[in-house]
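K.L.:
Structure file input_33.txt (compact mmCIF, C-alpha atoms) right here:
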```
# COMPACT_ATOMS: atom_id res chain seq x y z
CA MET A 1 4.18 -33.51 -20.11
CA THR A 2 6.68 -32.53 -17.45
CA GLU A 3 6.23 -28.84 -18.24
CA ALA A 4 2.46 -29.20 -17.97
CA LEU A 5 2.75 -30.87 -14.58
CA ALA A 6 5.14 -28.14 -13.39
CA ALA A 7 2.75 -25.44 -14.56
CA ALA A 8 -0.17 -27.16 -12.85
CA SER A 9 1.87 -27.51 -9.67
CA SER A 10 2.81 -23.83 -9.80
CA ASN A 11 -0.81 -22.76 -10.29
CA HIS A 12 -1.89 -24.96 -7.39
CA ALA A 13 0.81 -23.48 -5.16
CA LEU A 14 -0.24 -19.97 -6.04
CA ALA A 15 -3.89 -20.77 -5.34
CA ASP A 16 -3.00 -22.01 -1.86
CA HIS A 17 -1.08 -18.84 -0.98
CA SER A 18 -3.57 -16.45 0.56
CA LEU A 19 -2.51 -13.01 1.72
CA TRP A 20 -2.34 -14.11 5.36
CA ALA A 21 -0.39 -17.23 4.42
CA ILE A 22 2.12 -15.14 2.49
CA ILE A 23 2.59 -12.82 5.47
CA LEU A 24 3.06 -15.75 7.85
CA GLY A 25 5.48 -17.39 5.43
CA ALA A 26 7.55 -14.26 4.94
CA GLY A 27 11.10 -14.00 6.19
CA TRP A 28 11.86 -12.43 9.55
CA VAL A 29 13.11 -9.21 7.95
CA VAL A 30 9.92 -8.67 5.96
CA LYS A 31 7.83 -9.62 9.00
CA GLY A 32 9.75 -7.07 11.05
CA VAL A 33 9.13 -4.42 8.40
CA MET A 34 5.40 -5.14 8.31
CA LEU A 35 5.14 -5.17 12.11
CA LEU A 36 6.93 -1.81 12.26
CA LEU A 37 4.60 -0.37 9.64
CA LEU A 38 1.60 -1.79 11.49
CA LEU A 39 2.80 -0.10 14.68
CA PHE A 40 3.24 3.19 12.82
CA SER A 41 -0.24 2.85 11.35
CA ILE A 42 -1.87 2.12 14.73
CA ILE A 43 -0.16 5.12 16.32
CA CYS A 44 -1.14 7.34 13.39
CA TRP A 45 -4.79 6.34 13.55
CA GLY A 46 -4.79 6.92 17.29
CA ILE A 47 -3.40 10.41 16.71
CA ILE A 48 -5.88 11.02 13.89
CA LEU A 49 -8.91 10.09 15.97
CA THR A 50 -7.69 11.97 19.04
CA LYS A 51 -6.79 15.08 17.07
CA ALA A 52 -10.07 15.04 15.16
CA ILE A 53 -12.02 15.00 18.43
CA THR A 54 -9.79 17.69 19.96
CA LEU A 55 -10.11 20.06 17.00
CA SER A 56 -13.86 19.49 16.79
CA ARG A 57 -14.23 20.40 20.47
CA ALA A 58 -11.92 23.37 20.00
CA ARG A 59 -14.06 24.67 17.13
CA LYS A 60 -17.29 24.23 19.09
CA HIS A 61 -15.98 25.87 22.28
CA THR A 62 -14.32 28.67 20.31
CA GLN A 63 -17.61 29.53 18.63
CA LEU A 64 -19.31 29.64 22.03
CA PHE A 65 -16.55 31.87 23.36
CA PHE A 66 -16.82 34.18 20.36
CA ASP A 67 -20.55 34.52 21.01
CA ALA A 68 -19.94 35.37 24.66
CA PHE A 69 -17.18 37.81 23.72
CA ARG A 70 -19.42 39.68 21.28
CA GLU A 71 -22.32 39.85 23.70
CA SER A 72 -20.43 41.08 26.76
CA ARG A 73 -17.37 43.29 27.13
CA LYS A 74 -17.29 42.88 30.91
CA PHE A 75 -14.14 40.87 31.42
CA SER A 76 -15.14 39.32 34.74
CA ILE A 77 -18.25 37.75 33.18
CA LEU A 78 -16.30 36.68 30.11
CA TYR A 79 -13.64 35.10 32.34
CA ALA A 80 -16.32 33.00 34.05
CA GLU A 81 -17.51 31.86 30.61
CA ALA A 82 -13.95 31.11 29.50
CA LYS A 83 -13.39 28.82 32.49
CA GLN A 84 -16.23 26.62 31.23
CA LEU A 85 -14.79 26.38 27.71
CA ALA A 86 -11.64 24.41 28.41
CA PHE A 87 -11.18 23.20 24.82
CA SER A 88 -11.19 26.67 23.25
CA PRO A 89 -7.68 28.00 22.54
CA LEU A 90 -9.06 31.53 22.40
CA ALA A 91 -10.59 31.13 25.84
CA GLN A 92 -7.22 30.06 27.22
CA VAL A 93 -5.53 33.05 25.59
CA PHE A 94 -8.12 35.37 27.13
CA LYS A 95 -7.65 33.78 30.56
CA ALA A 96 -3.90 34.39 30.35
CA GLY A 97 -4.41 38.03 29.36
CA TYR A 98 -7.08 38.58 32.01
CA ALA A 99 -4.89 37.05 34.72
CA GLU A 100 -2.02 39.37 33.79
CA LEU A 101 -4.40 42.35 33.69
CA ASN A 102 -5.67 41.52 37.18
CA ARG A 103 -2.13 41.17 38.48
CA LEU A 104 -1.15 44.54 37.02
CA SER A 105 -4.31 46.15 38.38
CA ARG A 106 -3.43 45.00 41.88
CA LEU A 107 0.13 46.24 41.46
CA LYS A 108 -1.18 49.55 40.13
CA ALA A 109 -3.50 49.96 43.10
CA GLY A 110 -0.62 49.38 45.49
CA HIS A 111 1.58 51.72 43.48
CA GLN A 112 -0.99 54.52 43.62
CA LYS A 113 -1.45 54.01 47.34
CA ASN A 114 2.24 54.11 48.22
CA SER A 115 3.62 56.47 45.58
CA HIS A 116 3.75 60.25 45.96
CA ASP A 117 4.97 60.88 42.43
CA PRO A 118 2.00 60.94 40.02
CA GLY A 119 4.35 61.52 37.10
CA GLN A 120 5.28 57.81 37.12
CA GLU A 121 1.76 56.68 36.21
CA PRO A 122 1.84 56.85 32.36
CA GLU A 123 5.17 55.01 32.20
CA TYR A 124 3.83 52.30 34.49
CA GLU A 125 0.73 51.82 32.38
CA TRP A 126 2.68 51.36 29.12
CA THR A 127 5.01 48.87 30.82
CA GLY A 128 1.90 46.99 31.97
CA MET A 129 0.62 46.79 28.38
CA ASP A 130 3.92 45.29 27.29
CA ASN A 131 3.50 42.63 29.97
CA ILE A 132 -0.03 41.84 28.78
CA THR A 133 1.16 41.60 25.17
CA ARG A 134 3.93 39.17 26.13
CA SER A 135 1.48 37.15 28.21
CA LEU A 136 -0.89 36.84 25.25
CA GLU A 137 1.94 35.88 22.89
CA GLN A 138 3.12 33.18 25.28
CA ALA A 139 -0.43 31.84 25.60
CA VAL A 140 -0.83 31.72 21.81
CA THR A 141 2.46 29.83 21.45
CA ALA A 142 1.49 27.38 24.21
CA GLU A 143 -1.94 26.71 22.70
CA ARG A 144 -0.49 26.18 19.23
CA SER A 145 2.08 23.75 20.62
CA LYS A 146 -0.72 21.89 22.37
CA LEU A 147 -2.72 21.63 19.14
CA GLU A 148 0.32 20.47 17.17
CA ARG A 149 1.22 17.77 19.68
CA GLY A 150 1.44 14.42 17.86
CA VAL A 151 0.83 15.91 14.40
CA ASN A 152 4.53 15.82 13.53
CA PHE A 153 4.46 12.03 13.92
CA LEU A 154 2.03 11.93 11.01
CA ALA A 155 4.54 13.82 8.89
CA THR A 156 7.31 11.47 9.99
CA THR A 157 5.23 8.44 9.08
CA GLY A 158 4.21 9.94 5.75
CA SER A 159 7.82 10.53 4.75
CA SER A 160 9.43 7.41 6.19
CA ALA A 161 6.85 4.61 5.77
CA PRO A 162 7.25 4.29 1.96
CA PHE A 163 11.00 3.90 2.39
CA ILE A 164 10.54 1.32 5.13
CA GLY A 165 8.20 -0.56 2.83
CA LEU A 166 10.72 -0.18 0.03
CA PHE A 167 13.33 -1.83 2.23
CA GLY A 168 11.00 -4.80 2.64
CA THR A 169 10.47 -4.80 -1.12
CA VAL A 170 14.19 -4.95 -1.85
CA TRP A 171 14.65 -7.69 0.73
CA GLY A 172 11.83 -9.75 -0.77
CA ILE A 173 13.36 -9.48 -4.24
CA MET A 174 16.71 -10.50 -2.82
CA GLU A 175 15.03 -13.57 -1.32
CA SER A 176 13.60 -14.41 -4.74
CA PHE A 177 17.05 -14.30 -6.34
CA ARG A 178 18.46 -16.37 -3.50
CA GLN A 179 15.79 -19.02 -4.10
CA ILE A 180 16.62 -19.02 -7.79
CA GLY A 181 20.29 -19.51 -6.99
CA SER A 182 19.71 -22.28 -4.46
CA THR A 183 17.18 -24.25 -6.55
CA GLY A 184 18.60 -23.51 -9.97
CA SER A 185 15.11 -22.83 -11.24
CA ALA A 186 13.43 -19.56 -12.19
CA SER A 187 9.91 -20.97 -12.23
CA LEU A 188 6.98 -18.98 -10.88
CA ALA A 189 6.67 -21.29 -7.88
CA VAL A 190 10.21 -20.38 -6.81
CA VAL A 191 10.12 -16.62 -7.26
CA ALA A 192 6.46 -15.95 -6.42
CA PRO A 193 6.75 -16.03 -2.59
CA GLY A 194 9.58 -13.51 -2.52
CA ILE A 195 7.87 -11.22 -5.03
CA ALA A 196 4.63 -11.46 -3.04
CA GLU A 197 6.47 -10.51 0.16
CA ALA A 198 7.99 -7.55 -1.66
CA LEU A 199 4.65 -6.32 -2.96
CA ILE A 200 2.97 -6.72 0.44
CA ALA A 201 5.74 -4.69 2.10
CA THR A 202 5.29 -1.95 -0.49
CA ALA A 203 1.53 -1.93 0.01
CA ALA A 204 1.95 -1.82 3.79
CA GLY A 205 4.25 1.19 3.50
CA LEU A 206 1.77 3.05 1.31
CA ALA A 207 -1.15 2.08 3.54
CA ALA A 208 0.61 3.66 6.50
CA ALA A 209 1.89 6.73 4.64
CA ILE A 210 -1.14 7.85 2.62
CA PRO A 211 -3.57 8.47 5.53
CA ALA A 212 -0.76 10.06 7.55
CA VAL A 213 0.03 12.59 4.82
CA ILE A 214 -3.63 13.38 4.12
CA PHE A 215 -4.54 13.99 7.75
CA TYR A 216 -1.30 15.83 8.48
CA ASN A 217 -2.12 18.41 5.82
CA TYR A 218 -5.74 18.58 6.98
CA PHE A 219 -4.85 19.07 10.64
CA LEU A 220 -2.09 21.54 9.86
CA ASN A 221 -4.51 23.66 7.85
CA ARG A 222 -7.02 23.70 10.71
CA ILE A 223 -4.34 24.48 13.28
CA ASN A 224 -3.06 27.38 11.15
CA THR A 225 -6.62 28.71 10.97
CA ILE A 226 -6.99 28.54 14.75
CA ALA A 227 -3.56 30.16 15.21
CA THR A 228 -4.63 33.04 12.97
CA GLU A 229 -7.80 33.43 15.00
CA MET A 230 -5.74 33.55 18.21
CA ASP A 231 -3.45 36.22 16.76
CA ASN A 232 -6.39 38.32 15.62
CA PHE A 233 -8.15 37.91 18.94
CA SER A 234 -5.01 38.89 20.86
CA ALA A 235 -4.68 42.07 18.79
CA GLU A 236 -8.34 42.92 19.34
CA LEU A 237 -8.07 42.24 23.07
CA ILE A 238 -5.01 44.49 23.34
CA ASN A 239 -6.91 47.26 21.57
CA ILE A 240 -9.82 46.91 23.98
CA ILE A 241 -7.55 46.97 27.02
CA GLU A 242 -5.70 50.03 25.73
CA ARG A 243 -8.95 51.83 24.98
CA ILE A 244 -10.55 51.06 28.34
CA TYR A 245 -7.63 51.13 30.77
CA LEU A 246 -5.02 53.43 29.27
CA THR A 247 -7.52 56.24 28.83
CA LYS A 248 -8.11 56.24 32.55
CA LYS A 249 -5.53 58.64 33.83
```
If you convert what's in this file into structure tokens, what do you get?

P.N.:
Amino acid sequence: MTEALAAASSNHALADHSLWAIILGAGWVVKGVMLLLLLFSIICWGIILTKAITLSRARKHTQLFFDAFRESRKFSILYAEAKQLAFSPLAQVFKAGYAELNRLSRLKAGHQKNSHDPGQEPEYEWTGMDNITRSLEQAVTAERSKLERGVNFLATTGSSAPFIGLFGTVWGIMESFRQIGSTGSASLAVVAPGIAEALIATAAGLAAAIPAVIFYNYFLNRINTIATEMDNFSAELINIIERIYLTKK
């Protein structure tokens, strides 16, 4: 009879423990773990939404810039188009190269006006191309860093959140053993709250880590694709500049 009443009492206690009630009744350590994981998750979803919008705009503006680049090889017109496509990494790379080309053109004009030694011209031109190449490389690096901003936090969350949840799991199990020791009973009513806390902490860690890992790999793949496009575009732009400007002796 006593065992039946204890079993009924245990079942009633378990029925009254909703998920929210278990979280509110958890110890301060497990609550701290879940709050930390919730903060990580909120930050990750903010990064995910922001990065998704940014990459979508980058893809759209890059396609528009590609169309303008294929239709017109007049750099001044293309520069005006690039200024309107602020979200395109390729447009920003072109603007950096065009700005350096303009600067070198002005320096070259002053050099030709003041110099009486025409033999210096070829050496000056090749030095100018080195400057343009470095300018494009710096622009590519800057644009990639801009695209990768915040993405590393997703990787950090993906690798650390399960272990943070595991810490809450271990602590919840420890609480269960402590309750067993203090009450002298190993009934389900005694150990269930601690086990529930442990499982919720584990679930919270996985809930924060899984989306972070998925979107980190997705964003990294898209960023690598854009970086490859920037490298290819830089090489093509250098070839065009060499063909147009270095052949003008």

K.L.:
List the spatial neighbours of segment 233-245 of chain A as a list in words - criterion: any atom at most 8 Å away, only C-alpha atoms, same-chain residues fewer than 6 positions off excluded.

P.N.:
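Contacts, with the query itself left out: Leu90, Val93, Phe94, Met129, Ile132, Thr133, Leu136 and Glu137 of chain A.
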
K.L.:
With a distance cut-off of 12 Å and only C-alpha atoms, select the neighbouring residues of Thr156 of chain A, excluding the residue or stretch itself and same-chain residues fewer than 3 positions from it, and output the selection as a PyMOL selection string.

P.N.:
chain A and resi 40-41+43-44+150-153+159-164+208-210+212-213+216

K.L.:
Determine the nearest neighbour of Ile53 of chain A from the options A:Leu39, A:Ala82, A:Leu147, A:Ala207, counting all atoms listed in the file.

P.N.:
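Of A:Leu39, A:Ala82, A:Leu147, A:Ala207, the one nearest Ile53 of chain A is A:Leu147, counting all atoms listed in the file.
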
K.L.:
In Å, with one decimal, what is the gap from atom CA of Gln138 of chain A to atom CA of Phe75 of chain A?

P.N.:
19.9 Å

K.L.:
So, counting all atoms listed in the file, which residue among A:Ala142, A:Leu37, A:Leu85, A:Leu64 is closest to Met230 of chain A?

P.N.:
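Closest to Met230 of chain A of all the choices is A:Ala142.
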
K.L.:
Can you tell me how far atom CA of Asp67 of chain A sits from atom CA of Ala96 of chain A, in Å to one decimal?

P.N.:
19.1 Å

K.L.:
Considering only C-alpha atoms, state which residue in the set A:Trp171, A:Trp28, A:Tyr79, A:Phe219 is at the smallest distance from Ser56 of chain A.

P.N.:
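Using only C-alpha atoms, Ser56 of chain A sits closest to A:Phe219.
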
K.L.:
How many Å separate atom CA of Leu55 of chain A from atom CA of Glu148 of chain A?

P.N.:
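It comes out at 10.4 Å.
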
K.L.:
Would you please work out which residue, of A:Leu107, A:Ala80, A:Ala227, A:Leu166, is nearest to Thr202 of chain A when using only C-alpha atoms?

P.N.:
A:Leu166
